[in-house]
Each structure stands twice: as C-alpha cells, then as structure tokens.
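J.: What follows is coords-v5.cif, made up of mmCIF, C-alpha atoms:
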data_structure
loop_
_atom_site.label_atom_id
_atom_site.label_comp_id
_atom_site.auth_asym_id
_atom_site.auth_seq_id
_atom_site.Cartn_x
_atom_site.Cartn_y
_atom_site.Cartn_z
CA MET Q 1 19.72 -19.11 -1.19
CA ARG Q 2 22.12 -16.27 -1.91
CA ALA Q 3 22.85 -17.56 -5.44
CA TYR Q 4 19.12 -18.00 -6.03
CA LEU Q 5 18.37 -14.45 -4.91
CA GLU Q 6 21.21 -13.08 -6.99
CA SER Q 7 19.93 -14.67 -10.20
CA ILE Q 8 16.39 -13.44 -9.47
CA ILE Q 9 17.72 -9.93 -8.97
CA LEU Q 10 19.51 -10.05 -12.34
CA GLU Q 11 16.43 -11.41 -14.07
CA GLN Q 12 14.21 -8.68 -12.62
CA ILE Q 13 16.64 -5.94 -13.64
CA ASN Q 14 16.43 -7.26 -17.21
CA ARG Q 15 12.65 -7.46 -17.00
CA ALA Q 16 12.41 -3.83 -15.92
CA GLU Q 17 14.75 -2.77 -18.75
CA GLU Q 18 12.59 -4.69 -21.27
CA LEU Q 19 9.41 -3.04 -19.97
CA LYS Q 20 10.93 0.39 -20.52
CA LYS Q 21 11.40 -0.57 -24.19
CA LYS Q 22 7.63 -1.22 -24.47
CA ILE Q 23 6.91 2.50 -24.10
CA HIS Q 24 6.83 3.75 -27.66
CA TYR Q 25 8.17 7.25 -28.21
CA PRO Q 26 7.13 9.69 -29.54
CA LEU Q 27 3.82 9.21 -27.73
CA LYS Q 28 0.75 9.44 -29.96
CA TYR Q 29 -1.19 11.28 -27.27
CA PRO Q 30 0.55 13.89 -25.09
CA GLU Q 31 -1.96 13.17 -22.31
CA LEU Q 32 -0.13 9.86 -21.77
CA SER Q 33 3.18 11.55 -21.01
CA GLY Q 34 2.48 11.64 -17.25
CA LEU Q 35 2.02 7.87 -17.17
CA ALA Q 36 5.11 7.30 -19.33
CA GLU Q 37 7.19 9.40 -16.97
CA ARG Q 38 5.73 7.71 -13.87
CA CYS Q 39 6.35 4.20 -15.23
CA THR Q 40 9.90 5.06 -16.26
CA LEU Q 41 10.65 6.60 -12.86
CA ILE Q 42 9.27 3.60 -10.96
CA LEU Q 43 11.14 1.13 -13.17
CA ASP Q 44 14.40 3.06 -12.76
CA GLU Q 45 13.83 3.16 -9.00
CA GLN Q 46 13.29 -0.61 -8.89
CA ILE Q 47 16.44 -1.19 -10.97
CA ASN Q 48 18.45 0.96 -8.54
CA ILE Q 49 17.01 -0.79 -5.48
CA LEU Q 50 17.77 -4.21 -7.01
CA ARG Q 51 21.36 -3.20 -7.81
CA GLU Q 52 21.80 -1.94 -4.25
CA LEU Q 53 20.37 -5.19 -2.87
CA LYS Q 54 22.76 -7.18 -5.05
CA ARG Q 55 25.67 -5.28 -3.50
CA GLU Q 56 24.25 -5.70 0.02
CA LEU Q 57 23.85 -9.44 -0.57
CA GLN Q 58 27.61 -9.85 -1.01
CA SER Q 59 28.25 -8.70 2.55
CA ARG Q 60 25.67 -10.97 4.20
CA GLU Q 61 25.74 -14.51 5.57
CA ASN Q 62 23.24 -17.01 4.18
CA CYS Q 63 21.27 -16.98 7.45
CA ASP Q 64 21.01 -13.20 7.52
CA ILE Q 65 19.11 -12.26 4.37
CA ARG Q 66 15.47 -12.15 5.49
CA ASP Q 67 15.15 -8.42 4.85
CA ILE Q 68 16.80 -8.68 1.42
CA PHE Q 69 14.43 -11.49 0.46
CA ARG Q 70 11.44 -9.32 1.45
CA GLU Q 71 12.74 -6.30 -0.47
CA VAL Q 72 13.40 -8.37 -3.61
CA ARG Q 73 9.83 -9.65 -3.41
CA LEU Q 74 8.57 -6.07 -3.17
CA CYS Q 75 10.52 -5.15 -6.31
CA ILE Q 76 9.15 -8.17 -8.18
CA TRP Q 77 5.58 -7.22 -7.24
CA GLU Q 78 6.01 -3.60 -8.23
CA ILE Q 79 7.58 -4.47 -11.59
CA SER Q 80 4.76 -6.97 -12.22
CA LEU Q 81 2.08 -4.40 -11.34
CA LEU Q 82 3.62 -1.96 -13.80
CA GLU Q 83 3.64 -4.67 -16.44
CA TYR Q 84 -0.06 -5.47 -15.83
CA TYR Q 85 -1.50 -2.05 -14.99
CA GLY Q 86 0.88 0.64 -16.23
CA ILE Q 87 2.62 -0.29 -19.46
CA PRO Q 88 -0.38 -1.67 -21.50
CA PRO Q 89 -1.99 1.74 -22.33
CA LEU Q 90 1.46 3.06 -23.30
CA TYR Q 91 2.14 0.02 -25.46
CA LEU Q 92 -1.29 0.05 -27.14
CA GLN Q 93 -1.97 3.81 -27.50
CA THR Q 94 -5.25 3.16 -29.35
CA PRO Q 95 -7.56 6.00 -30.53
CA ASP Q 96 -10.04 5.04 -27.75
CA ILE Q 97 -7.32 5.42 -25.14
CA GLY Q 98 -6.43 8.77 -26.73
CA PHE Q 99 -10.08 9.92 -26.59
CA LEU Q 100 -10.58 8.92 -22.95
CA ASN Q 101 -7.41 10.63 -21.85
CA LYS Q 102 -8.35 13.86 -23.60
CA LEU Q 103 -11.69 13.64 -21.78
CA MET Q 104 -9.95 13.03 -18.44
CA PHE Q 105 -7.69 15.99 -19.12
CA LYS Q 106 -10.77 18.22 -19.59
CA ILE Q 107 -12.38 16.86 -16.41
CA HIS Q 108 -9.13 17.49 -14.57
CA GLN Q 109 -9.11 21.14 -15.71
CA GLU Q 110 -12.80 21.61 -14.96
CA ILE Q 111 -12.67 20.36 -11.36
CA LYS Q 112 -9.19 21.85 -10.77
CA LEU Q 113 -7.48 18.85 -9.22
CA PRO Q 114 -4.23 19.90 -7.53
CA PHE Q 115 -2.26 16.91 -8.88
CA PRO Q 116 -1.54 15.40 -12.32
CA PRO Q 117 -4.55 13.81 -14.04
CA PRO Q 118 -4.91 10.03 -13.81
CA THR Q 119 -4.57 8.08 -17.05
CA VAL Q 120 -7.56 6.13 -18.41
CA SER Q 121 -7.22 2.79 -20.15
CA CYS Q 122 -10.14 0.94 -21.78
CA THR Q 123 -8.74 -2.52 -21.07
CA SER Q 124 -10.75 -3.43 -17.97
CA GLY Q 125 -12.12 -6.94 -17.53
CA GLU Q 126 -14.40 -5.85 -14.71
CA TYR Q 127 -16.27 -2.55 -15.04
CA TYR Q 128 -14.46 0.50 -13.57
CA TYR Q 129 -11.53 0.28 -11.19
CA SER Q 130 -8.48 2.29 -10.25
CA HIS Q 131 -4.89 1.40 -9.78
CA PRO Q 132 -3.39 3.92 -7.36
CA PHE Q 133 0.16 2.62 -7.83
CA THR Q 134 0.25 3.33 -11.56
CA ASN Q 135 -2.31 6.17 -11.40
CA VAL Q 136 -4.47 4.50 -14.06
CA ILE Q 137 -8.27 4.18 -14.15
CA PHE Q 138 -9.48 1.11 -16.06
CA VAL Q 139 -12.81 1.11 -17.91
CA PRO Q 140 -14.42 -1.49 -20.23
CA LEU Q 141 -13.42 -1.63 -23.92
CA ALA Q 142 -16.61 -0.11 -25.38
CA GLU Q 143 -16.92 2.62 -22.77
CA PRO Q 144 -15.79 5.49 -25.07
CA GLU Q 145 -18.99 4.91 -27.11
CA PHE Q 146 -21.35 5.46 -24.16
CA LEU Q 147 -22.14 8.24 -21.75
CA LEU Q 148 -24.27 6.85 -18.95
CA HIS Q 149 -21.46 5.23 -16.97
CA MET Q 150 -19.09 8.17 -17.33
CA PRO Q 151 -20.05 9.64 -13.92
CA ASP Q 152 -18.29 6.64 -12.39
CA LEU Q 153 -15.02 8.13 -13.63
CA TYR Q 154 -15.46 10.79 -10.93
CA HIS Q 155 -15.74 8.11 -8.25
CA GLU Q 156 -12.46 6.64 -9.47
CA VAL Q 157 -10.84 10.10 -9.45
CA GLY Q 158 -11.82 10.18 -5.76
CA HIS Q 159 -9.45 7.28 -5.11
CA HIS Q 160 -6.63 9.32 -6.63
CA VAL Q 161 -7.55 12.25 -4.37
CA ILE Q 162 -7.10 9.93 -1.38
CA GLU Q 163 -3.82 8.64 -2.74
CA ASN Q 164 -2.54 12.19 -3.25
CA MET Q 165 -3.81 13.71 -0.01
CA LYS Q 166 -0.92 12.09 1.88
CA SER Q 167 1.66 14.24 0.10
CA GLU Q 168 -0.22 17.21 -1.42
CA LEU Q 169 -0.46 20.21 0.91
CA ARG Q 170 -3.49 21.61 -0.90
CA LEU Q 171 -5.40 18.46 0.02
CA GLN Q 172 -4.64 18.70 3.75
CA PRO Q 173 -8.20 19.76 4.73
CA ILE Q 174 -9.48 16.61 3.02
CA LYS Q 175 -6.87 14.51 4.81
CA GLN Q 176 -7.74 16.02 8.20
CA ASN Q 177 -11.46 15.43 7.74
CA TYR Q 178 -10.93 11.95 6.39
CA LEU Q 179 -8.89 11.04 9.48
CA LEU Q 180 -11.46 12.75 11.71
CA ALA Q 181 -14.24 10.67 10.16
CA PHE Q 182 -12.33 7.47 10.83
CA SER Q 183 -11.48 8.49 14.39
CA LYS Q 184 -15.23 8.95 15.02
CA VAL Q 185 -15.82 5.42 13.71
CA THR Q 186 -13.09 4.15 16.05
CA GLU Q 187 -14.58 6.05 18.99
CA TYR Q 188 -17.99 4.56 18.30
CA TYR Q 189 -16.73 0.95 18.17
CA SER Q 190 -14.39 1.49 21.14
CA ARG Q 191 -17.42 2.50 23.21
CA ILE Q 192 -19.27 -0.64 22.13
CA LEU Q 193 -16.20 -2.73 22.93
CA VAL Q 194 -15.89 -1.25 26.43
CA ASN Q 195 -19.59 -1.83 27.13
CA LYS Q 196 -19.44 -5.42 25.91
CA ARG Q 197 -16.35 -6.09 28.04
CA ARG Q 198 -18.16 -4.66 31.03
CA ASP Q 199 -21.04 -7.06 30.32
CA TYR Q 200 -18.56 -10.00 30.13
CA ALA Q 201 -19.49 -10.66 26.49
CA PRO Q 202 -17.92 -13.83 25.00
CA PRO Q 203 -14.61 -13.30 23.12
CA GLU Q 204 -16.33 -14.06 19.78
CA ILE Q 205 -18.47 -10.92 20.19
CA LEU Q 206 -15.39 -8.82 20.94
CA MET Q 207 -13.64 -10.27 17.89
CA ALA Q 208 -16.68 -9.51 15.73
CA ILE Q 209 -16.59 -5.87 16.86
CA GLN Q 210 -12.89 -5.64 16.01
CA ARG Q 211 -13.59 -7.20 12.61
CA ILE Q 212 -16.43 -4.76 11.83
CA HIS Q 213 -14.20 -1.84 12.80
CA SER Q 214 -11.47 -3.19 10.55
CA GLN Q 215 -13.92 -3.44 7.61
CA TRP Q 216 -14.64 0.26 7.95
CA LYS Q 217 -11.02 0.98 7.02
CA ASP Q 218 -11.79 -0.28 3.52
CA TRP Q 219 -15.28 1.03 3.11
CA ILE Q 220 -14.75 4.55 4.39
CA GLU Q 221 -12.65 5.14 1.24
CA GLU Q 222 -15.57 4.00 -0.93
CA PHE Q 223 -17.97 6.33 0.89
CA PHE Q 224 -15.54 9.19 0.44
CA CYS Q 225 -15.28 8.50 -3.32
CA ASP Q 226 -19.07 8.42 -3.68
CA LEU Q 227 -19.31 11.77 -1.89
CA PHE Q 228 -16.48 13.19 -3.99
CA ALA Q 229 -18.31 12.20 -7.20
CA LEU Q 230 -21.58 13.59 -5.86
CA TYR Q 231 -20.09 16.97 -4.93
CA THR Q 232 -18.12 17.38 -8.16
CA LEU Q 233 -20.75 16.12 -10.58
CA GLY Q 234 -24.10 16.58 -8.81
CA PRO Q 235 -27.30 14.78 -9.87
CA ALA Q 236 -25.64 12.91 -12.75
CA TYR Q 237 -23.79 10.80 -10.18
CA ALA Q 238 -26.68 10.46 -7.74
CA MET U 1 -14.80 0.44 -7.10
CA SER U 2 -14.70 -3.34 -6.99
CA ASP U 3 -12.92 -5.54 -4.43
CA PHE U 4 -9.94 -5.31 -6.75
CA GLY U 5 -9.61 -1.61 -6.00
CA LEU U 6 -9.71 -2.33 -2.27
CA PHE U 7 -6.98 -4.94 -2.60
CA THR U 8 -4.73 -2.70 -4.70
CA SER U 9 -5.18 0.13 -2.26
CA LYS U 10 -4.38 -2.09 0.74
CA PHE U 11 -1.49 -3.66 -1.13
CA ARG U 12 0.01 -0.26 -1.90
CA GLN U 13 -0.26 0.89 1.70
CA SER U 14 1.21 -2.32 3.09
CA THR U 15 4.14 -2.43 0.65
CA ASN U 16 5.05 1.22 1.37
CA LEU U 17 4.93 0.49 5.07
CA LEU U 18 7.04 -2.66 4.72
CA ARG U 19 9.65 -0.86 2.63
CA ASP U 20 10.04 1.90 5.26
CA PHE U 21 10.10 -0.65 8.08
CA ASP U 22 12.77 -2.74 6.35
CA ARG U 23 14.89 0.33 5.63
CA ALA U 24 14.76 1.18 9.32
CA LEU U 25 15.76 -2.40 10.21
CA ARG U 26 18.67 -2.31 7.74
CA TYR U 27 19.77 0.98 9.20
CA LEU U 28 19.72 -0.60 12.66
CA LYS U 29 21.75 -3.55 11.43
CA HIS U 30 24.34 -1.29 9.79
CA SER U 31 24.74 1.01 12.75
CA GLU U 32 25.15 -2.00 15.06
CA SER U 33 27.73 -3.74 12.89
CA HIS U 34 29.70 -0.51 12.38
CA GLY U 35 29.37 0.51 16.02
CA ASP U 36 27.83 3.87 15.05
CA SER U 37 25.83 5.99 17.43
CA GLN U 38 22.16 4.98 17.30
CA ASP U 39 20.78 8.42 18.05
CA ALA U 40 19.28 8.73 14.62
CA ILE U 41 17.46 5.38 14.49
CA PRO U 42 14.38 5.89 12.31
CA VAL U 43 12.11 4.88 15.19
CA GLY U 44 9.15 6.56 13.49
CA ALA U 45 8.99 3.96 10.72
CA ILE U 46 9.21 1.14 13.28
CA LEU U 47 6.59 2.62 15.58
CA THR U 48 4.17 3.24 12.70
CA VAL U 49 3.97 -0.54 12.51
CA LEU U 50 4.42 -1.47 16.17
CA LYS U 51 1.95 0.96 17.75
CA PRO U 52 -1.24 -0.24 16.00
CA ILE U 53 -0.20 -3.88 16.50
CA SER U 54 0.43 -3.33 20.21
CA LYS U 55 -2.81 -1.45 20.59
CA MET U 56 -4.73 -4.41 19.17
CA LEU U 57 -2.70 -6.89 21.24
CA GLU U 58 -3.79 -4.95 24.32
CA GLY U 59 -7.41 -5.43 23.23
CA ASN U 60 -8.07 -1.90 21.91
CA LEU U 61 -9.04 -0.65 18.46
CA SER U 62 -6.42 1.11 16.39
CA GLU U 63 -7.10 4.30 14.44
CA SER U 64 -4.23 3.54 12.07
CA ASN U 65 -5.39 3.32 8.49
CA SER U 66 -2.09 2.28 6.97
CA PHE U 67 -2.29 -1.51 7.10
CA ASP U 68 -4.43 -4.42 8.21
CA GLU U 69 -2.92 -5.06 11.63
CA GLU U 70 -5.57 -7.68 12.37
CA SER U 71 -4.33 -9.93 9.53
CA VAL U 72 -0.70 -9.32 10.52
CA ILE U 73 -1.49 -10.39 14.10
CA GLU U 74 -3.22 -13.54 12.83
CA ILE U 75 -0.10 -14.46 10.82
CA LEU U 76 2.13 -13.85 13.87
CA TYR U 77 -0.24 -15.89 16.05
CA ARG U 78 -0.05 -18.85 13.64
CA LYS U 79 3.75 -18.65 13.62
CA HIS U 80 4.28 -18.45 17.38
CA GLY U 81 1.59 -20.95 18.43
CA LYS U 82 2.01 -21.97 22.05
CA PHE U 83 4.62 -19.27 22.66
CA TRP U 84 2.15 -16.61 21.58
CA GLN U 85 1.64 -15.06 25.01
CA ALA U 86 5.39 -14.52 25.48
CA TYR U 87 5.78 -13.11 21.98
CA LYS U 88 2.82 -10.79 22.46
CA GLU U 89 4.31 -9.42 25.67
CA ARG U 90 7.69 -8.90 23.97
CA VAL U 91 6.05 -6.82 21.22
CA ILE U 92 4.12 -4.66 23.69
CA LYS U 93 7.22 -4.15 25.86
CA LEU U 94 9.41 -3.25 22.87
CA THR U 95 6.81 -0.76 21.61
CA ASN U 96 6.65 0.96 25.01
CA GLU U 97 10.42 1.10 25.28
CA LEU U 98 10.90 2.53 21.78
CA GLU U 99 8.16 5.07 22.48
CA SER U 100 9.91 6.21 25.61
CA GLY U 101 13.19 6.81 23.78
CA LYS U 102 15.08 3.50 23.78
CA THR U 103 17.72 3.49 21.05
CA LYS U 104 19.46 0.11 21.42
CA VAL U 105 17.88 -3.05 20.09
CA SER U 106 19.10 -6.50 21.20
CA GLU U 107 19.50 -9.50 18.89
CA ASP U 108 16.25 -11.02 20.26
CA GLU U 109 14.34 -7.78 19.75
CA PHE U 110 15.74 -7.54 16.26
CA SER U 111 14.37 -11.00 15.57
CA THR U 112 10.96 -9.94 16.96
CA LEU U 113 10.94 -7.03 14.52
CA ASN U 114 12.01 -9.31 11.65
CA ASP U 115 9.05 -11.61 12.43
CA ILE U 116 6.68 -8.66 12.15
CA ALA U 117 8.23 -7.63 8.82
CA ASP U 118 7.84 -11.23 7.58
CA ALA U 119 4.18 -11.16 8.61
CA ILE U 120 3.55 -7.92 6.69
CA SER U 121 5.34 -9.45 3.71
CA ILE U 122 3.04 -12.50 3.87
CA GLU U 123 0.03 -10.18 4.03
CA CYS U 124 1.35 -8.32 0.95
CA ALA U 125 1.80 -11.65 -0.87
CA THR U 126 -1.82 -12.59 -0.11
CA LEU U 127 -3.05 -9.24 -1.41
CA PHE U 128 -0.88 -9.54 -4.51
CA LYS U 129 -2.36 -12.98 -5.27
CA ARG U 130 -5.85 -11.53 -4.92
CA ILE U 131 -4.97 -8.75 -7.36
CA GLY U 132 -3.50 -11.37 -9.73
CA ARG U 133 -6.70 -13.41 -9.71
CA HIS U 134 -8.56 -10.41 -11.11
CA PRO U 135 -9.89 -11.04 -14.65
#
Here is the file; what I need is its structure written in the form of structure tokens.
T.:
Amino acid sequence: MRAYLESIILEQINRAEELKKKIHYPLKYPELSGLAERCTLILDEQINILRELKRELQSRENCDIRDIFREVRLCIWEISLLEYYGIPPLYLQTPDIGFLNKLMFKIHQEIKLPFPPPTVSCTSGEYYYSHPFTNVIFVPLAEPEFLLHMPDLYHEVGHHVIENMKSELRLQPIKQNYLLAFSKVTEYYSRILVNKRRDYAPPEILMAIQRIHSQWKDWIEEFFCDLFALYTLGPAYA
Amino acid sequence: MSDFGLFTSKFRQSTNLLRDFDRALRYLKHSESHGDSQDAIPVGAILTVLKPISKMLEGNLSESNSFDEESVIEILYRKHGKFWQAYKERVIKLTNELESGKTKVSEDEFSTLNDIADAISIECATLFKRIGRHP
C-alpha cells in the first residue's frame, strides 16, 4: 500500500506541474489574472502537501496510513477540479471569455463587491452554475450574444458572496444574518420534532423531519442568492 | 444554480473540514509519539465535526452548516452494524469529554476519530462522483 501511495503521489505532483504549464502567459485578458494566480497558488499548495505526505509516509507503518490515504485523495480531487473547472478558461482565452470577464469586471465595480471578481467561462454544459473552489462562473457557449439570461450572473455572484463571507470582515453582517436565518429554521423544526416525540410519532416521521431540516442547509443558500440578485439588480431579476 | 452547484458547494465544505480534522489527528499522533505536552491539541477542529454528529446521535437537530452530518452518520452506521449502539455512545462520550477540556486521547478513541474521518472522506468521494457525472 505504501509503494502504491508513493507512486500516486509522484504522479499527482507531475500532473499539477503539467497543469501549471497550460496557463499561457502573457494572458490575453488581464481580467483573467486573478484566476491564473488562484490556480497557480492552489496547484503549488497541493504540490507542497503531496511532498510533505511523501516524507510522512516514510516514517509510517503499513497499517498506520489511513490519514495519509485520505489526504492524498483530497489532493487528487482538488487537482482534478482545477483541471476541469479552473484551467480551461486560462487555456482557451477566447474572445467570448474575454468579453464576459470584462463585463463581470464592470458588474463587480458597479455593485462594489469587497472581494476579487469571479471569472466567467462560456464552457458550461448545463445553463449557469458556479464553482466556488476555482471562483469561476460557467455559462453556455452562446451566452455572450444574448442579454435576457444575464441577470442570472448576479445569482451566481451570490454564491461567491457566501463563499467569501467566511473570511471577509466586510461581509460579517451577511454572515451573521445568514446564520440567524438558519438558526430560525432549526428552531422551527426542533419544535416540530419535540411535539412529535411528545405524541409518540413513529421513528419514520422523526427521520423525515430531520431529513427536511437537512435539505434546508442546501436550499437556504439558493434563497439567499435569489435575494442577492433581486436586491442588486431589481426588476430585471424578478 | 443547478444540483451541480449544490454538490460543489457541499464538496468544498466537506473537504475543508476533513483537511482540518486530519491535521488535528496528525498533530495528536505526533505529540503522542514524541511525548510532547498535549495542551495545544487543536480540539476546535475535532469538535467542529464531533459536536454536530453527537447532537444528531442524541436525536436533536444540528445548526451546523459545514457538512452533511446525516450522511456521515449513515456511513458510520453501515460500518458498525450490530455494534452501532456502543459506537454511538463512544462518540457522544468522547465529544463531552473533549468539550470539558480533556487533552489525552487513547488508542481506541483515536480509532473512533479515524472512523469518522473515513466516513467524511467517503461522503466527499460520493459528492466528487456526482460532480464528475455533470455534463
């Protein structure tokens, strides 16, 4: 197992190095420099972690490498996600990508976001979506030619607000209210749970309540993003 | 945002959590093998994971928004099968002890924590596969 892990670590270090070569400098569009820097930083971080794990592996017995195995898997996933959702716009740098990123830069200035603007890539296979790890918003190929779906960009920016609120002090009021909203949801379902327990409800009902509460964890983010788009853009989003 | 966005968001949160948890476990391992003082154990990273799990194991809802503790508990339940009740009690007891300032972790408790980390890793793998199936 140790030999297997060691060869995987070496392979992944090489993969990360190769991905760095796919970023073509000088960049055609300066708006992509944030993404280029982010990808390079993450790849370098993964390379360092993998090298450290390789060293750590030498001092471990075969039966004592569960944590190293997990960490190597994390590195593989993160390198893969960069390959799929971070490097492509930097590798392609098409005029459409250039146009959309100039547009995003203007939006970013207009709504005064207190963190670097997300990158936009028109390589989506499924309408609009965001990748918070790489900080890229994906839109369909022909999207630069149309206007009507553009308000959805603001919804996607909302996801980046949530991602950044954990570390950006200027977003603390948003973070506090977001957590408050979820605590109210928890309070509500806790009350229902207590009442159902008091009524000796079958365990399936209690499980269903727990499941519904858990679903809110995902959907509260979507509601927040819709509200963010509505407040920043107004009727065009509604 | 599509389901894809939900999965990437959950994946990101779970991987960050797992990385911090594993670092704390490695720190524990190092300080034990080198006989260092354990005063500075990064208990915070361990409790961030243990507290919501324990809360759910005790039948309450957790306000934690950092990972899907329900899925993690399901994975642990499948692994421990008929010994589930004993395992569940061990997790709750360990959480309470760490919360009240315990700084030493036995070999058995270390294994309990490793099982939880494995379960989060399995949850991350499931989310990663879902992201990968995206067109």
J.: Write out as a PDB file with C-alpha atoms, keeping the file's coordinate frame each polymer residue whose atoms come within 7 Å of stretch 55-63 of chain Q, counting all atoms listed in the file; drop sequence neighbours fewer than 2 positions from it.
T.:
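Once written, part-v3.pdb looks like this:
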ATOM      1  CA  MET Q   1      19.720 -19.110  -1.190  1.00  0.00           C
ATOM      2  CA  ARG Q   2      22.120 -16.270  -1.910  1.00  0.00           C
ATOM      3  CA  ARG Q  51      21.360  -3.200  -7.810  1.00  0.00           C
ATOM      4  CA  GLU Q  52      21.800  -1.940  -4.250  1.00  0.00           C
ATOM      5  CA  LEU Q  53      20.370  -5.190  -2.870  1.00  0.00           C
ATOM      6  CA  ILE Q  65      19.110 -12.260   4.370  1.00  0.00           C
TER       7      ILE Q  65
END
J.: Please enumerate the residues selected by the PyMOL selection byres ((chain U) within 9 of (chain Q)) when evaluated against the supplied file, formatted as a ChimeraX atom specification.
T.: /U:1-2,4-6,8-10,12,15,18-19,22-23,25-26,56,59-65,68-70,114,117-118,121,124-125,128,134-135
J.: Can those selected residues be exported to a file as a PDB file, in the coordinates of the input so that it contains C-alpha atoms?
T.:
ATOM      1  CA  MET U   1     -14.800   0.440  -7.100  1.00  0.00           C
ATOM      2  CA  SER U   2     -14.700  -3.340  -6.990  1.00  0.00           C
ATOM      3  CA  PHE U   4      -9.940  -5.310  -6.750  1.00  0.00           C
ATOM      4  CA  GLY U   5      -9.610  -1.610  -6.000  1.00  0.00           C
ATOM      5  CA  LEU U   6      -9.710  -2.330  -2.270  1.00  0.00           C
ATOM      6  CA  THR U   8      -4.730  -2.700  -4.700  1.00  0.00           C
ATOM      7  CA  SER U   9      -5.180   0.130  -2.260  1.00  0.00           C
ATOM      8  CA  LYS U  10      -4.380  -2.090   0.740  1.00  0.00           C
ATOM      9  CA  ARG U  12       0.010  -0.260  -1.900  1.00  0.00           C
ATOM     10  CA  THR U  15       4.140  -2.430   0.650  1.00  0.00           C
ATOM     11  CA  LEU U  18       7.040  -2.660   4.720  1.00  0.00           C
ATOM     12  CA  ARG U  19       9.650  -0.860   2.630  1.00  0.00           C
ATOM     13  CA  ASP U  22      12.770  -2.740   6.350  1.00  0.00           C
ATOM     14  CA  ARG U  23      14.890   0.330   5.630  1.00  0.00           C
ATOM     15  CA  LEU U  25      15.760  -2.400  10.210  1.00  0.00           C
ATOM     16  CA  ARG U  26      18.670  -2.310   7.740  1.00  0.00           C
ATOM     17  CA  MET U  56      -4.730  -4.410  19.170  1.00  0.00           C
ATOM     18  CA  GLY U  59      -7.410  -5.430  23.230  1.00  0.00           C
ATOM     19  CA  ASN U  60      -8.070  -1.900  21.910  1.00  0.00           C
ATOM     20  CA  LEU U  61      -9.040  -0.650  18.460  1.00  0.00           C
ATOM     21  CA  SER U  62      -6.420   1.110  16.390  1.00  0.00           C
ATOM     22  CA  GLU U  63      -7.100   4.300  14.440  1.00  0.00           C
ATOM     23  CA  SER U  64      -4.230   3.540  12.070  1.00  0.00           C
ATOM     24  CA  ASN U  65      -5.390   3.320   8.490  1.00  0.00           C
ATOM     25  CA  ASP U  68      -4.430  -4.420   8.210  1.00  0.00           C
ATOM     26  CA  GLU U  69      -2.920  -5.060  11.630  1.00  0.00           C
ATOM     27  CA  GLU U  70      -5.570  -7.680  12.370  1.00  0.00           C
ATOM     28  CA  ASN U 114      12.010  -9.310  11.650  1.00  0.00           C
ATOM     29  CA  ALA U 117       8.230  -7.630   8.820  1.00  0.00           C
ATOM     30  CA  ASP U 118       7.840 -11.230   7.580  1.00  0.00           C
ATOM     31  CA  SER U 121       5.340  -9.450   3.710  1.00  0.00           C
ATOM     32  CA  CYS U 124       1.350  -8.320   0.950  1.00  0.00           C
ATOM     33  CA  ALA U 125       1.800 -11.650  -0.870  1.00  0.00           C
ATOM     34  CA  PHE U 128      -0.880  -9.540  -4.510  1.00  0.00           C
ATOM     35  CA  HIS U 134      -8.560 -10.410 -11.110  1.00  0.00           C
ATOM     36  CA  PRO U 135      -9.890 -11.040 -14.650  1.00  0.00           C
TER      37      PRO U 135
END
J.: Taking (4.9, 5.0, -18.8) in the file's coordinates as the center, which residues reach within 9 Å of it, counting only C-alpha atoms, put as a list in words?
T.: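 Nearby residues: Lys20, Lys22, Ile23, Leu32, Ser33, Gly34, Leu35, Ala36, Glu37, Arg38, Cys39, Thr40, Leu41, Leu82, Gly86, Ile87, Pro88, Pro89, Leu90, Tyr91 and Thr134 of chain Q.
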J.: If we count all atoms listed in the file and set the cut-off at 9 Å, which residues sit around stretch 99-109 of chain Q, ignoring sequence neighbours fewer than 2 positions away in its own chain? Please answer as a list in words.
T.: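 So, after excluding close chain neighbours, the residues are Tyr29, Glu31, Leu32, Thr94, Pro95, Asp96, Ile97, Ile111, Lys112, Leu113, Pro114, Phe115, Pro116, Pro117, Pro118, Thr119, Val120, Ser121, Cys122, Glu143, Pro144, Leu153 and Tyr154 of chain Q.
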J.: Can you list, as a list in words, every protein, DNA or RNA residue that comes within 8 Å of U:Ala119 when you count all atoms listed in the file, leaving out same-chain residues fewer than 6 positions away?
T.: Val72, Ile73, Ile75 and Leu76 of chain U
J.: Compute the distance from (13.1, -14.5, 16.1) to each atom, counting only C-alpha atoms, keep the residues with any atom at most 12 Å away, and return them as a PyMOL selection string; use the coordinates of the file.
T.: (chain Q and resi 64+66) or (chain U and resi 76+79-80+83+87+90-91+106-118)
J.: May I have the residues from that selection written out with C-alpha atoms, as an mmCIF file, keeping the file's coordinate frame?
T.:
data_model
loop_
_atom_site.group_PDB
_atom_site.id
_atom_site.type_symbol
_atom_site.label_atom_id
_atom_site.label_comp_id
_atom_site.auth_asym_id
_atom_site.auth_seq_id
_atom_site.Cartn_x
_atom_site.Cartn_y
_atom_site.Cartn_z
ATOM 1 C CA ASP Q 64 21.010 -13.200 7.520
ATOM 2 C CA ARG Q 66 15.470 -12.150 5.490
ATOM 3 C CA LEU U 76 2.130 -13.850 13.870
ATOM 4 C CA LYS U 79 3.750 -18.650 13.620
ATOM 5 C CA HIS U 80 4.280 -18.450 17.380
ATOM 6 C CA PHE U 83 4.620 -19.270 22.660
ATOM 7 C CA TYR U 87 5.780 -13.110 21.980
ATOM 8 C CA ARG U 90 7.690 -8.900 23.970
ATOM 9 C CA VAL U 91 6.050 -6.820 21.220
ATOM 10 C CA SER U 106 19.100 -6.500 21.200
ATOM 11 C CA GLU U 107 19.500 -9.500 18.890
ATOM 12 C CA ASP U 108 16.250 -11.020 20.260
ATOM 13 C CA GLU U 109 14.340 -7.780 19.750
ATOM 14 C CA PHE U 110 15.740 -7.540 16.260
ATOM 15 C CA SER U 111 14.370 -11.000 15.570
ATOM 16 C CA THR U 112 10.960 -9.940 16.960
ATOM 17 C CA LEU U 113 10.940 -7.030 14.520
ATOM 18 C CA ASN U 114 12.010 -9.310 11.650
ATOM 19 C CA ASP U 115 9.050 -11.610 12.430
ATOM 20 C CA ILE U 116 6.680 -8.660 12.150
ATOM 21 C CA ALA U 117 8.230 -7.630 8.820
ATOM 22 C CA ASP U 118 7.840 -11.230 7.580
#
J.: For the atom pair atom CA of Q:Ile162 and atom CA of Q:Leu227, what is the interatomic distance in Å to one decimal place?
T.: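 It comes out at 12.4 Å.
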J.: Quick one: everything within 7 Å of stretch 7-14 of chain Q, counting all atoms listed in the file, minus sequence neighbours fewer than 5 positions away in the same chain. Send it as a count of residues only.
T.: 4
J.: Just give me the gap between atom CA of Q:Tyr200 and atom CA of U:Glu58 in Å, one decimal is fine.
T.: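 Going from atom CA of Q:Tyr200 over to atom CA of U:Glu58 covers 16.7 Å.
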J.: Quick check, in Å to one decimal: how far apart do atom CA of Q:Ala3 and atom CA of U:Lys29 lie?
T.: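 Separation of atom CA of Q:Ala3 and atom CA of U:Lys29: 22.0 Å.
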J.: Show me, as JSON, the centre and edge lengths in Å to one decimal of the axis-aligned box that covers every listed atom of stretch 46-56 of chain Q with 3 Å on each side.
T.:
{"center_x": 19.5, "center_y": -3.1, "center_z": -5.5, "size_x": 18.4, "size_y": 14.1, "size_z": 17.0}
J.: When distances are computed from only C-alpha atoms, which of U:Asn16, U:Ser54, U:Thr126, U:Thr48 shows the smallest separation from U:Lys88?
T.: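 Under the stated criterion, the closest residue is U:Ser54.
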